[in-house]
>>> print(open('upload-v2.cif').read())   # mmCIF, C-alpha atoms
data_input
loop_
_atom_site.group_PDB
_atom_site.id
_atom_site.type_symbol
_atom_site.label_atom_id
_atom_site.label_comp_id
_atom_site.auth_asym_id
_atom_site.auth_seq_id
_atom_site.Cartn_x
_atom_site.Cartn_y
_atom_site.Cartn_z
ATOM 1 C CA MET A 22 -24.607 5.597 -8.522
ATOM 2 C CA GLY A 23 -28.292 4.891 -8.894
ATOM 3 C CA ARG A 24 -28.220 3.628 -12.465
ATOM 4 C CA SER A 25 -29.886 0.280 -13.055
ATOM 5 C CA PRO A 26 -27.715 -2.666 -14.042
ATOM 6 C CA SER A 27 -27.780 -3.730 -17.654
ATOM 7 C CA VAL A 28 -29.353 -7.086 -18.500
ATOM 8 C CA GLN A 29 -27.614 -9.755 -20.551
ATOM 9 C CA ARG A 30 -29.560 -12.716 -21.941
ATOM 10 C CA SER A 31 -27.967 -16.139 -21.974
ATOM 11 C CA PRO A 32 -28.703 -18.667 -24.707
ATOM 12 C CA SER A 33 -31.333 -20.249 -22.432
ATOM 13 C CA THR A 34 -33.157 -16.859 -22.377
ATOM 14 C CA VAL A 35 -32.750 -16.638 -18.606
ATOM 15 C CA THR A 36 -32.043 -13.028 -17.672
ATOM 16 C CA ALA A 37 -28.978 -12.403 -15.508
ATOM 17 C CA PRO A 38 -28.118 -8.939 -14.239
ATOM 18 C CA VAL A 39 -24.615 -7.793 -15.032
ATOM 19 C CA VAL A 40 -23.002 -4.633 -13.697
ATOM 20 C CA THR A 41 -19.682 -3.289 -14.965
ATOM 21 C CA VAL A 42 -17.852 -0.403 -13.304
ATOM 22 C CA ARG A 43 -14.860 1.415 -14.744
ATOM 23 C CA VAL A 44 -12.290 2.698 -12.222
ATOM 24 C CA PRO A 45 -9.212 4.904 -12.777
ATOM 25 C CA ALA A 46 -5.592 4.711 -11.741
ATOM 26 C CA LYS A 47 -4.069 7.560 -9.755
ATOM 27 C CA VAL A 48 -0.856 9.485 -9.514
ATOM 28 C CA ASN A 49 0.232 11.285 -6.367
ATOM 29 C CA VAL A 50 1.342 14.728 -7.483
ATOM 30 C CA GLN A 51 2.357 15.281 -3.878
ATOM 31 C CA LEU A 52 2.851 12.631 -1.225
ATOM 32 C CA ALA A 53 3.991 14.185 2.043
ATOM 33 C CA VAL A 54 4.626 11.542 4.709
ATOM 34 C CA GLY A 55 4.484 12.696 8.314
ATOM 35 C CA PRO A 56 6.056 11.026 11.361
ATOM 36 C CA LEU A 57 5.269 7.406 12.199
ATOM 37 C CA ARG A 58 2.137 7.184 14.367
ATOM 38 C CA PRO A 59 1.688 4.823 17.344
ATOM 39 C CA ASP A 60 -0.718 2.725 15.250
ATOM 40 C CA GLY A 61 2.008 2.074 12.686
ATOM 41 C CA PHE A 62 0.569 4.391 10.042
ATOM 42 C CA HIS A 63 1.703 7.875 8.991
ATOM 43 C CA ASP A 64 -0.302 11.056 8.699
ATOM 44 C CA LEU A 65 -0.245 12.020 5.030
ATOM 45 C CA ALA A 66 -0.888 15.004 2.825
ATOM 46 C CA ASN A 67 -1.670 13.067 -0.307
ATOM 47 C CA VAL A 68 -2.648 15.049 -3.406
ATOM 48 C CA PHE A 69 -4.371 12.522 -5.644
ATOM 49 C CA LEU A 70 -4.984 12.978 -9.353
ATOM 50 C CA ALA A 71 -7.006 10.332 -11.206
ATOM 51 C CA VAL A 72 -5.563 9.442 -14.603
ATOM 52 C CA GLY A 73 -7.048 7.809 -17.690
ATOM 53 C CA LEU A 74 -5.823 4.251 -17.213
ATOM 54 C CA TYR A 75 -8.695 2.029 -16.141
ATOM 55 C CA ASP A 76 -9.665 -1.355 -14.779
ATOM 56 C CA GLU A 77 -13.168 -2.681 -15.390
ATOM 57 C CA VAL A 78 -14.904 -4.667 -12.641
ATOM 58 C CA THR A 79 -17.923 -6.785 -13.611
ATOM 59 C CA VAL A 80 -20.190 -8.522 -11.090
ATOM 60 C CA THR A 81 -22.853 -11.141 -11.746
ATOM 61 C CA PRO A 82 -24.906 -13.290 -9.366
ATOM 62 C CA ALA A 83 -23.268 -16.596 -8.430
ATOM 63 C CA ASP A 84 -23.690 -19.518 -6.042
ATOM 64 C CA SER A 85 -20.779 -18.244 -3.955
ATOM 65 C CA LEU A 86 -18.163 -15.499 -4.008
ATOM 66 C CA ARG A 87 -15.787 -16.082 -6.904
ATOM 67 C CA LEU A 88 -13.045 -13.913 -8.390
ATOM 68 C CA THR A 89 -11.397 -14.009 -11.818
ATOM 69 C CA VAL A 90 -8.838 -11.643 -13.340
ATOM 70 C CA GLU A 91 -7.545 -11.034 -16.859
ATOM 71 C CA GLY A 92 -5.102 -8.594 -18.406
ATOM 72 C CA PRO A 93 -1.458 -7.550 -17.863
ATOM 73 C CA GLY A 94 -0.144 -8.757 -14.518
ATOM 74 C CA ALA A 95 -3.259 -10.829 -13.777
ATOM 75 C CA GLU A 96 -1.102 -13.714 -12.587
ATOM 76 C CA TYR A 97 0.065 -11.587 -9.636
ATOM 77 C CA VAL A 98 -3.443 -10.749 -8.390
ATOM 78 C CA PRO A 99 -4.705 -12.926 -5.498
ATOM 79 C CA LEU A 100 -7.960 -14.763 -6.181
ATOM 80 C CA ASP A 101 -8.951 -15.441 -2.568
ATOM 81 C CA ALA A 102 -10.589 -13.373 0.176
ATOM 82 C CA SER A 103 -7.393 -11.335 0.624
ATOM 83 C CA ASN A 104 -8.193 -9.527 -2.628
ATOM 84 C CA LEU A 105 -9.520 -6.038 -1.898
ATOM 85 C CA ALA A 106 -12.344 -6.421 -4.419
ATOM 86 C CA ALA A 107 -13.555 -9.577 -2.661
ATOM 87 C CA ARG A 108 -13.242 -7.832 0.701
ATOM 88 C CA ALA A 109 -15.338 -4.943 -0.635
ATOM 89 C CA ALA A 110 -18.144 -7.304 -1.636
ATOM 90 C CA ILE A 111 -17.999 -9.042 1.738
ATOM 91 C CA ALA A 112 -18.032 -5.738 3.653
ATOM 92 C CA LEU A 113 -21.074 -4.433 1.774
ATOM 93 C CA ALA A 114 -22.924 -7.748 2.107
ATOM 94 C CA GLU A 115 -22.270 -7.906 5.858
ATOM 95 C CA ARG A 116 -23.544 -4.358 6.304
ATOM 96 C CA HIS A 117 -26.838 -5.301 4.651
ATOM 97 C CA GLY A 118 -27.188 -8.819 6.040
ATOM 98 C CA ILE A 119 -26.939 -10.629 2.728
ATOM 99 C CA ALA A 120 -24.636 -13.282 1.303
ATOM 100 C CA PRO A 121 -21.792 -12.008 -0.945
ATOM 101 C CA ASP A 122 -22.690 -14.488 -3.665
ATOM 102 C CA VAL A 123 -21.251 -12.841 -6.764
ATOM 103 C CA HIS A 124 -18.738 -13.557 -9.469
ATOM 104 C CA ILE A 125 -16.305 -10.607 -9.602
ATOM 105 C CA HIS A 126 -14.365 -10.370 -12.849
ATOM 106 C CA ILE A 127 -11.558 -7.807 -13.104
ATOM 107 C CA ALA A 128 -10.184 -6.736 -16.468
ATOM 108 C CA LYS A 129 -6.808 -5.192 -15.594
ATOM 109 C CA ASP A 130 -5.185 -2.309 -17.410
ATOM 110 C CA ILE A 131 -3.817 -0.454 -14.365
ATOM 111 C CA PRO A 132 -0.282 -1.733 -13.602
ATOM 112 C CA VAL A 133 -0.244 -4.351 -10.833
ATOM 113 C CA ALA A 134 1.811 -3.416 -7.741
ATOM 114 C CA GLY A 135 2.883 -0.293 -9.609
ATOM 115 C CA GLY A 136 2.075 2.479 -7.122
ATOM 116 C CA MET A 137 -1.044 3.524 -9.076
ATOM 117 C CA ALA A 138 -3.688 2.105 -6.704
ATOM 118 C CA GLY A 139 -4.882 -0.684 -8.995
ATOM 119 C CA GLY A 140 -5.996 -2.888 -6.110
ATOM 120 C CA SER A 141 -7.750 0.030 -4.447
ATOM 121 C CA ALA A 142 -9.463 0.889 -7.736
ATOM 122 C CA ASP A 143 -10.726 -2.684 -8.027
ATOM 123 C CA ALA A 144 -12.107 -2.509 -4.484
ATOM 124 C CA ALA A 145 -13.975 0.707 -5.242
ATOM 125 C CA GLY A 146 -15.246 -0.778 -8.501
ATOM 126 C CA ALA A 147 -16.471 -3.962 -6.824
ATOM 127 C CA LEU A 148 -18.156 -1.967 -4.066
ATOM 128 C CA LEU A 149 -20.076 0.253 -6.482
ATOM 129 C CA ALA A 150 -20.911 -2.679 -8.758
ATOM 130 C CA CYS A 151 -22.260 -4.808 -5.911
ATOM 131 C CA ASP A 152 -24.214 -1.870 -4.499
ATOM 132 C CA THR A 153 -25.820 -1.403 -7.921
ATOM 133 C CA LEU A 154 -26.426 -5.129 -8.485
ATOM 134 C CA TRP A 155 -27.962 -5.707 -5.053
ATOM 135 C CA GLY A 156 -29.892 -2.421 -4.987
ATOM 136 C CA THR A 157 -28.762 -1.729 -1.433
ATOM 137 C CA GLY A 158 -29.325 2.000 -1.833
ATOM 138 C CA SER A 159 -26.179 2.894 0.097
ATOM 139 C CA THR A 160 -25.429 6.590 0.347
ATOM 140 C CA ARG A 161 -22.184 8.035 -0.942
ATOM 141 C CA GLU A 162 -21.105 8.551 2.674
ATOM 142 C CA GLU A 163 -21.780 4.892 3.510
ATOM 143 C CA LEU A 164 -19.782 3.712 0.520
ATOM 144 C CA LEU A 165 -16.892 6.038 1.408
ATOM 145 C CA ALA A 166 -16.913 4.709 4.981
ATOM 146 C CA ILE A 167 -16.549 1.141 3.690
ATOM 147 C CA CYS A 168 -13.808 2.326 1.325
ATOM 148 C CA ALA A 169 -11.885 3.848 4.242
ATOM 149 C CA GLU A 170 -12.087 0.562 6.137
ATOM 150 C CA LEU A 171 -10.657 -1.286 3.147
ATOM 151 C CA GLY A 172 -7.591 0.903 2.548
ATOM 152 C CA SER A 173 -6.142 4.389 2.428
ATOM 153 C CA ASP A 174 -6.433 4.833 -1.363
ATOM 154 C CA VAL A 175 -9.843 3.218 -1.857
ATOM 155 C CA PRO A 176 -12.014 6.300 -1.128
ATOM 156 C CA PHE A 177 -10.236 8.331 -3.814
ATOM 157 C CA SER A 178 -10.680 5.537 -6.345
ATOM 158 C CA LEU A 179 -14.415 5.901 -5.804
ATOM 159 C CA VAL A 180 -14.550 9.696 -6.257
ATOM 160 C CA GLY A 181 -11.761 10.353 -8.817
ATOM 161 C CA GLY A 182 -10.905 13.799 -10.144
ATOM 162 C CA ALA A 183 -8.449 15.430 -7.775
ATOM 163 C CA ALA A 184 -8.442 15.501 -3.996
ATOM 164 C CA LEU A 185 -6.289 16.114 -0.963
ATOM 165 C CA GLY A 186 -6.170 13.053 1.264
ATOM 166 C CA ARG A 187 -5.417 13.548 4.960
ATOM 167 C CA GLY A 188 -5.143 11.099 7.833
ATOM 168 C CA ARG A 189 -3.945 7.874 6.182
ATOM 169 C CA GLY A 190 -5.136 9.399 2.897
ATOM 170 C CA GLU A 191 -8.776 8.418 3.389
ATOM 171 C CA ILE A 192 -10.112 11.836 4.547
ATOM 172 C CA LEU A 193 -10.733 13.588 1.239
ATOM 173 C CA THR A 194 -11.140 17.224 0.253
ATOM 174 C CA PRO A 195 -12.004 17.677 -3.456
ATOM 175 C CA LEU A 196 -9.637 19.936 -5.399
ATOM 176 C CA GLU A 197 -10.346 22.140 -8.387
ATOM 177 C CA VAL A 198 -8.418 21.360 -11.579
ATOM 178 C CA GLY A 199 -8.311 24.074 -14.221
ATOM 179 C CA GLY A 200 -7.174 22.096 -17.237
ATOM 180 C CA THR A 201 -5.904 18.832 -18.673
ATOM 181 C CA PHE A 202 -2.513 17.478 -17.640
ATOM 182 C CA HIS A 203 -0.616 15.086 -19.920
ATOM 183 C CA TRP A 204 1.263 12.184 -18.381
ATOM 184 C CA VAL A 205 3.528 9.315 -19.346
ATOM 185 C CA PHE A 206 3.886 6.291 -17.076
ATOM 186 C CA ALA A 207 6.943 4.071 -17.391
ATOM 187 C CA LEU A 208 6.144 0.553 -16.239
ATOM 188 C CA ALA A 209 8.801 -1.506 -14.494
ATOM 189 C CA ASP A 210 9.250 -5.258 -14.322
ATOM 190 C CA GLY A 211 7.915 -6.642 -11.053
ATOM 191 C CA GLY A 212 6.425 -4.635 -8.211
ATOM 192 C CA LEU A 213 7.353 -2.918 -4.990
ATOM 193 C CA SER A 214 5.678 -3.704 -1.673
ATOM 194 C CA THR A 215 4.048 -0.573 -0.251
ATOM 195 C CA PRO A 216 4.738 -1.622 3.388
ATOM 196 C CA ALA A 217 8.384 -2.288 2.467
ATOM 197 C CA VAL A 218 8.720 1.166 0.896
ATOM 198 C CA TYR A 219 7.230 2.854 3.970
ATOM 199 C CA ALA A 220 9.552 0.833 6.210
ATOM 200 C CA GLU A 221 12.529 1.928 4.123
ATOM 201 C CA CYS A 222 11.317 5.534 4.296
ATOM 202 C CA ASP A 223 11.261 5.277 8.103
ATOM 203 C CA ARG A 224 14.744 3.754 8.103
ATOM 204 C CA LEU A 225 16.185 6.485 5.886
ATOM 205 C CA ARG A 226 14.652 9.211 8.068
ATOM 206 C CA ALA A 227 15.361 7.600 11.429
ATOM 207 C CA ASP A 228 17.876 10.260 12.522
ATOM 208 C CA THR A 229 16.099 13.237 10.939
ATOM 209 C CA PRO A 230 13.245 15.306 12.410
ATOM 210 C CA VAL A 231 10.151 14.662 10.286
ATOM 211 C CA PRO A 232 7.753 17.619 9.877
ATOM 212 C CA GLU A 233 3.996 17.250 9.897
ATOM 213 C CA ALA A 234 2.605 16.464 6.468
ATOM 214 C CA ALA A 235 1.104 19.403 4.587
ATOM 215 C CA ALA A 236 0.115 20.128 1.004
ATOM 216 C CA THR A 237 2.146 22.767 -0.832
ATOM 217 C CA PRO A 238 0.060 25.862 -1.663
ATOM 218 C CA THR A 239 1.887 26.432 -4.968
ATOM 219 C CA LEU A 240 1.052 22.887 -6.071
ATOM 220 C CA LEU A 241 -2.640 23.313 -5.257
ATOM 221 C CA GLU A 242 -2.648 26.602 -7.176
ATOM 222 C CA ALA A 243 -0.981 24.955 -10.170
ATOM 223 C CA LEU A 244 -3.749 22.349 -10.240
ATOM 224 C CA ARG A 245 -6.416 25.034 -9.929
ATOM 225 C CA THR A 246 -5.024 27.067 -12.814
ATOM 226 C CA GLY A 247 -4.132 24.078 -14.997
ATOM 227 C CA ASP A 248 -0.509 25.198 -15.354
ATOM 228 C CA PRO A 249 1.731 22.190 -16.173
ATOM 229 C CA THR A 250 4.991 24.120 -15.781
ATOM 230 C CA ALA A 251 4.024 25.328 -12.296
ATOM 231 C CA LEU A 252 2.822 21.858 -11.352
ATOM 232 C CA ALA A 253 6.085 20.342 -12.579
ATOM 233 C CA SER A 254 8.108 22.546 -10.255
ATOM 234 C CA ALA A 255 5.988 21.517 -7.261
ATOM 235 C CA LEU A 256 5.736 17.729 -7.720
ATOM 236 C CA ALA A 257 7.004 15.894 -4.631
ATOM 237 C CA ASN A 258 7.009 12.362 -3.237
ATOM 238 C CA ASP A 259 8.499 11.658 0.187
ATOM 239 C CA LEU A 260 8.535 7.927 -0.651
ATOM 240 C CA GLN A 261 10.748 8.391 -3.703
ATOM 241 C CA PRO A 262 14.113 8.093 -1.866
ATOM 242 C CA ALA A 263 12.910 4.832 -0.319
ATOM 243 C CA ALA A 264 11.698 3.459 -3.646
ATOM 244 C CA LEU A 265 15.036 4.365 -5.253
ATOM 245 C CA SER A 266 16.889 2.744 -2.363
ATOM 246 C CA LEU A 267 15.008 -0.517 -2.908
ATOM 247 C CA ARG A 268 15.068 -0.288 -6.723
ATOM 248 C CA PRO A 269 18.125 1.811 -7.778
ATOM 249 C CA SER A 270 17.451 1.136 -11.461
ATOM 250 C CA LEU A 271 14.488 3.552 -11.328
ATOM 251 C CA ALA A 272 16.956 6.446 -11.328
ATOM 252 C CA ALA A 273 17.861 5.631 -14.940
ATOM 253 C CA THR A 274 14.187 5.608 -15.900
ATOM 254 C CA LEU A 275 13.599 9.018 -14.310
ATOM 255 C CA HIS A 276 16.680 10.408 -16.043
ATOM 256 C CA SER A 277 15.658 9.047 -19.447
ATOM 257 C CA GLY A 278 12.246 10.698 -19.262
ATOM 258 C CA THR A 279 13.540 14.102 -18.254
ATOM 259 C CA GLN A 280 16.253 13.936 -20.915
ATOM 260 C CA ALA A 281 13.506 13.245 -23.448
ATOM 261 C CA GLY A 282 11.726 16.479 -22.581
ATOM 262 C CA ALA A 283 9.391 15.726 -19.678
ATOM 263 C CA LEU A 284 8.713 18.779 -17.531
ATOM 264 C CA ALA A 285 9.226 16.690 -14.395
ATOM 265 C CA ALA A 286 9.515 13.105 -13.241
ATOM 266 C CA LEU A 287 8.769 11.269 -10.030
ATOM 267 C CA VAL A 288 8.121 7.788 -8.714
ATOM 268 C CA SER A 289 4.367 7.194 -8.596
ATOM 269 C CA GLY A 290 3.345 6.549 -4.997
ATOM 270 C CA SER A 291 5.376 3.662 -3.607
ATOM 271 C CA GLY A 292 6.550 2.704 -7.110
ATOM 272 C CA PRO A 293 7.970 1.167 -9.151
ATOM 273 C CA THR A 294 5.992 2.954 -11.888
ATOM 274 C CA CYS A 295 7.576 6.289 -12.800
ATOM 275 C CA ALA A 296 5.410 9.257 -13.789
ATOM 276 C CA PHE A 297 6.394 12.010 -16.224
ATOM 277 C CA LEU A 298 4.482 15.259 -16.637
ATOM 278 C CA ALA A 299 4.556 16.541 -20.216
ATOM 279 C CA LYS A 300 3.842 19.965 -21.717
ATOM 280 C CA ASP A 301 1.178 18.673 -24.087
ATOM 281 C CA ALA A 302 -0.084 15.523 -25.825
ATOM 282 C CA GLU A 303 2.570 15.680 -28.560
ATOM 283 C CA SER A 304 5.365 15.990 -26.017
ATOM 284 C CA ALA A 305 3.924 13.084 -24.016
ATOM 285 C CA THR A 306 4.059 10.835 -27.073
ATOM 286 C CA SER A 307 7.670 11.863 -27.725
ATOM 287 C CA VAL A 308 8.668 11.137 -24.106
ATOM 288 C CA ALA A 309 6.962 7.734 -24.228
ATOM 289 C CA ASP A 310 8.763 6.801 -27.440
ATOM 290 C CA ALA A 311 12.109 7.788 -25.926
ATOM 291 C CA LEU A 312 11.436 5.826 -22.746
ATOM 292 C CA THR A 313 10.502 2.734 -24.727
ATOM 293 C CA ALA A 314 13.682 3.041 -26.797
ATOM 294 C CA SER A 315 15.867 3.619 -23.726
ATOM 295 C CA GLY A 316 15.415 0.100 -22.396
ATOM 296 C CA THR A 317 14.946 1.465 -18.865
ATOM 297 C CA CYS A 318 11.311 0.342 -18.576
ATOM 298 C CA ARG A 319 9.040 -2.486 -19.675
ATOM 299 C CA ALA A 320 6.552 -0.195 -21.416
ATOM 300 C CA ALA A 321 5.407 3.423 -21.475
ATOM 301 C CA ARG A 322 1.782 4.537 -21.365
ATOM 302 C CA VAL A 323 0.443 7.938 -22.400
ATOM 303 C CA THR A 324 -2.696 9.370 -20.813
ATOM 304 C CA SER A 325 -4.210 12.507 -19.330
ATOM 305 C CA ALA A 326 -5.801 13.737 -16.123
ATOM 306 C CA PRO A 327 -8.067 14.344 -14.340
ATOM 307 C CA ALA A 328 -10.264 11.309 -14.891
ATOM 308 C CA PRO A 329 -13.671 10.487 -13.347
ATOM 309 C CA GLY A 330 -13.963 8.118 -10.414
ATOM 310 C CA ALA A 331 -15.750 4.779 -10.342
ATOM 311 C CA THR A 332 -18.466 4.846 -13.004
ATOM 312 C CA VAL A 333 -21.210 2.350 -13.836
ATOM 313 C CA LEU A 334 -21.037 1.584 -17.558
#
>>> encode(input="upload-v2.cif", output="structure tokens")
Amino acid sequence: MGRSPSVQRSPSTVTAPVVTVRVPAKVNVQLAVGPLRPDGFHDLANVFLAVGLYDEVTVTPADSLRLTVEGPGAEYVPLDASNLAARAAIALAERHGIAPDVHIHIAKDIPVAGGMAGGSADAAGALLACDTLWGTGSTREELLAICAELGSDVPFSLVGGAALGRGRGEILTPLEVGGTFHWVFALADGGLSTPAVYAECDRLRADTPVPEAAATPTLLEALRTGDPTALASALANDLQPAALSLRPSLAATLHSGTQAGALAALVSGSGPTCAFLAKDAESATSVADALTASGTCRAARVTSAPAPGATVL
């Protein structure tokens, strides 16, 4: 995190520092949702795995805070202070008593509103980029504290790899991963609101005792040993019934992927992206081709995990 920003010369030969940070998407290989808390949140056991789909966040000095976005789904990304990346810059600037005068440019490749933490990734990217640009010298702990204030998934976007998230997901314990896992992500048209999915989850479970959230030991062992077959049998997402209730068409997507040879399928986070674990890279390509041909998704992306967290390029 201490790398110096690169320098780009403009035609007028005036030097302007530019910092670009690459940030990964995530998949929840387990998302256990505990009972509703008095503060309106849920205690989670959230097993995060960073995957090789990335956004790039570039910051440059500006007269005032400005945000631009390009890439798939850019038209759905807010460009005002409600954007998590803008809020990250503001939070860091306030902590150090400076003005958040930067141009934040986000090049999107992580699906927007797809349950893969794209907005959280952009926040982590903007935070690290601004810290590097401004030379604030923030410690990792200080950056993670700001991340936790911004949102439940933001701290993991900063650290990447694999981790167990407790509390709202922001209290992280790094996890060992013993190999490479191959994934296919089926992208849906439109998005799903995370608060709406949680509300539907609460509605569906209203008359059922909800156990405390806990990670499954067999799943953690499958990650540690790098065993895709064992991991496939342990994948779990407590939000999946709610996502399927709000978007029933996702059931056809999940079925198409498993019929095509995926070891397992689940809705990614709050959806509507669907995630498919494959045996190997060749199988992942075959599953993606079948999903694309099935007409049950907008597109299918092949990648692998784990991936590094926010990284200055």
>>> atom_distance(input="upload-v2.cif", atom1="CA of Val72 in chain A", atom2="CA of Val123 in chain A")
28.4 Å
>>> residues_around(input="upload-v2.cif", residues="Asp310 in chain A", least_positions_apart="3", cutoff="12 Å", atoms="only C-alpha atoms", output="PDB file with C-alpha atoms, in the frame of the given file")
ATOM      1  CA  VAL A 205       3.528   9.315 -19.346  1.00  0.00           C
ATOM      2  CA  PHE A 206       3.886   6.291 -17.076  1.00  0.00           C
ATOM      3  CA  ALA A 207       6.943   4.071 -17.391  1.00  0.00           C
ATOM      4  CA  SER A 277      15.658   9.047 -19.447  1.00  0.00           C
ATOM      5  CA  GLY A 278      12.246  10.698 -19.262  1.00  0.00           C
ATOM      6  CA  ALA A 281      13.506  13.245 -23.448  1.00  0.00           C
ATOM      7  CA  GLY A 282      11.726  16.479 -22.581  1.00  0.00           C
ATOM      8  CA  ALA A 283       9.391  15.726 -19.678  1.00  0.00           C
ATOM      9  CA  GLU A 303       2.570  15.680 -28.560  1.00  0.00           C
ATOM     10  CA  SER A 304       5.365  15.990 -26.017  1.00  0.00           C
ATOM     11  CA  ALA A 305       3.924  13.084 -24.016  1.00  0.00           C
ATOM     12  CA  THR A 306       4.059  10.835 -27.073  1.00  0.00           C
ATOM     13  CA  SER A 307       7.670  11.863 -27.725  1.00  0.00           C
ATOM     14  CA  THR A 313      10.502   2.734 -24.727  1.00  0.00           C
ATOM     15  CA  ALA A 314      13.682   3.041 -26.797  1.00  0.00           C
ATOM     16  CA  SER A 315      15.867   3.619 -23.726  1.00  0.00           C
ATOM     17  CA  GLY A 316      15.415   0.100 -22.396  1.00  0.00           C
ATOM     18  CA  THR A 317      14.946   1.465 -18.865  1.00  0.00           C
ATOM     19  CA  CYS A 318      11.311   0.342 -18.576  1.00  0.00           C
ATOM     20  CA  ALA A 320       6.552  -0.195 -21.416  1.00  0.00           C
ATOM     21  CA  ALA A 321       5.407   3.423 -21.475  1.00  0.00           C
ATOM     22  CA  ARG A 322       1.782   4.537 -21.365  1.00  0.00           C
ATOM     23  CA  VAL A 323       0.443   7.938 -22.400  1.00  0.00           C
TER      24      VAL A 323
END
>>> resolve_selection(input="upload-v2.cif", expression="the PyMOL selection byres ((chain A and resi 47) around 7)", output="number ranges by chain")
A: 45-46, 48-49, 69-72, 137-138
>>> resolve_selection(input="upload-v2.cif", expression="the PyMOL selection byres ((chain A and resi 243-247) around 8)", output="list in words")
Leu196, Glu197, Val198, Gly199, Gly200, Thr201, Phe202, Thr239, Leu240, Leu241, Glu242, Asp248, Pro249, Ala251 and Leu252 of chain A
>>> residues_around(input="upload-v2.cif", residues="range 230-238 of chain A", least_positions_apart="6", cutoff="10 Å", atoms="only C-alpha atoms", output="list in words")
Gln51, Leu52, Ala53, Val54, Gly55, Pro56, Leu57, His63, Asp64, Leu65, Ala66, Asn67, Val68, Leu185, Gly186, Arg187, Gly188, Asp223, Ala255, Leu256, Ala257 and Asp259 of chain A
>>> axis_aligned_box(input="upload-v2.cif", around="range 191-200 of chain A", padding_each_side="4 Å", output="lines of an AutoDock Vina configuration file")
center_x = -9.6
center_y = 16.2
center_z = -6.3
size_x = 12.8
size_y = 23.7
size_z = 29.8
>>> closest_residue(input="upload-v2.cif", among="A:Ala296, A:Ala264, A:Val42, A:Leu165", to="Ala217 in chain A", atoms="all atoms listed in the file")
A:Ala264
>>> residues_around(input="upload-v2.cif", residues="Pro195 in chain A", least_positions_apart="4", cutoff="8 Å", atoms="all atoms listed in the file", output="ChimeraX atom specification")
/A:182-185
>>> write_last_selection(input="upload-v2.cif", atoms="C-alpha atoms", output="PDB file, in the frame of the given file")
ATOM      1  CA  GLY A 182     -10.905  13.799 -10.144  1.00  0.00           C
ATOM      2  CA  ALA A 183      -8.449  15.430  -7.775  1.00  0.00           C
ATOM      3  CA  ALA A 184      -8.442  15.501  -3.996  1.00  0.00           C
ATOM      4  CA  LEU A 185      -6.289  16.114  -0.963  1.00  0.00           C
TER       5      LEU A 185
END
>>> resolve_selection(input="upload-v2.cif", expression="the PyMOL selection byres ((chain A and resi 204) around 6)", output="list of chain:residue names")
A:His203, A:Val205, A:Phe297, A:Leu298, A:Ala299, A:Val323, A:Thr324, A:Ser325
>>> atom_distance(input="upload-v2.cif", atom1="CA of Asp122 in chain A", atom2="CA of Ala145 in chain A")
17.6 Å
>>> closest_residue(input="upload-v2.cif", among="A:Ile127, A:Ala253, A:Leu213, A:Leu334", to="Pro99 in chain A", atoms="only C-alpha atoms")
A:Ile127
>>> closest_residue(input="upload-v2.cif", among="A:Thr160, A:Val308, A:Asp152, A:Pro262", to="Thr279 in chain A", atoms="all atoms listed in the file")
A:Val308
>>> closest_residue(input="upload-v2.cif", among="A:Gly156, A:Phe62, A:Ala328, A:Thr250", to="Gly190 in chain A", atoms="all atoms listed in the file")
A:Phe62
>>> atom_distance(input="upload-v2.cif", atom1="CA of Lys129 in chain A", atom2="CA of Glu163 in chain A")
26.3 Å
>>> closest_residue(input="upload-v2.cif", among="A:Gly118, A:Gly181, A:Gly290, A:Gly158", to="Ala142 in chain A", atoms="only C-alpha atoms")
A:Gly181
>>> residues_around(input="upload-v2.cif", residues="Pro293 in chain A", least_positions_apart="4", cutoff="10 Å", atoms="all atoms listed in the file", output="list in words")
Pro132, Ala134, Gly135, Gly136, Met137, Ala207, Leu208, Ala209, Asp210, Gly211, Gly212, Leu213, Ser214, Thr215, Gln261, Ala264, Leu265, Leu267, Arg268, Ser270, Leu271, Val288 and Ser289 of chain A
>>> closest_residue(input="upload-v2.cif", among="A:Leu275, A:Val180, A:Ala147, A:Leu86", to="His124 in chain A", atoms="only C-alpha atoms")
A:Leu86
>>> residues_around(input="upload-v2.cif", residues="Ala110 in chain A", least_positions_apart="5", cutoff="7 Å", atoms="all atoms listed in the file", output="PyMOL selection string")
chain A and resi 121+147-148+151
>>> residues_near_point(input="upload-v2.cif", point="(-21.4, -14.4, -8.4)", cutoff="12 Å", atoms="only C-alpha atoms", output="count of residues only")
30
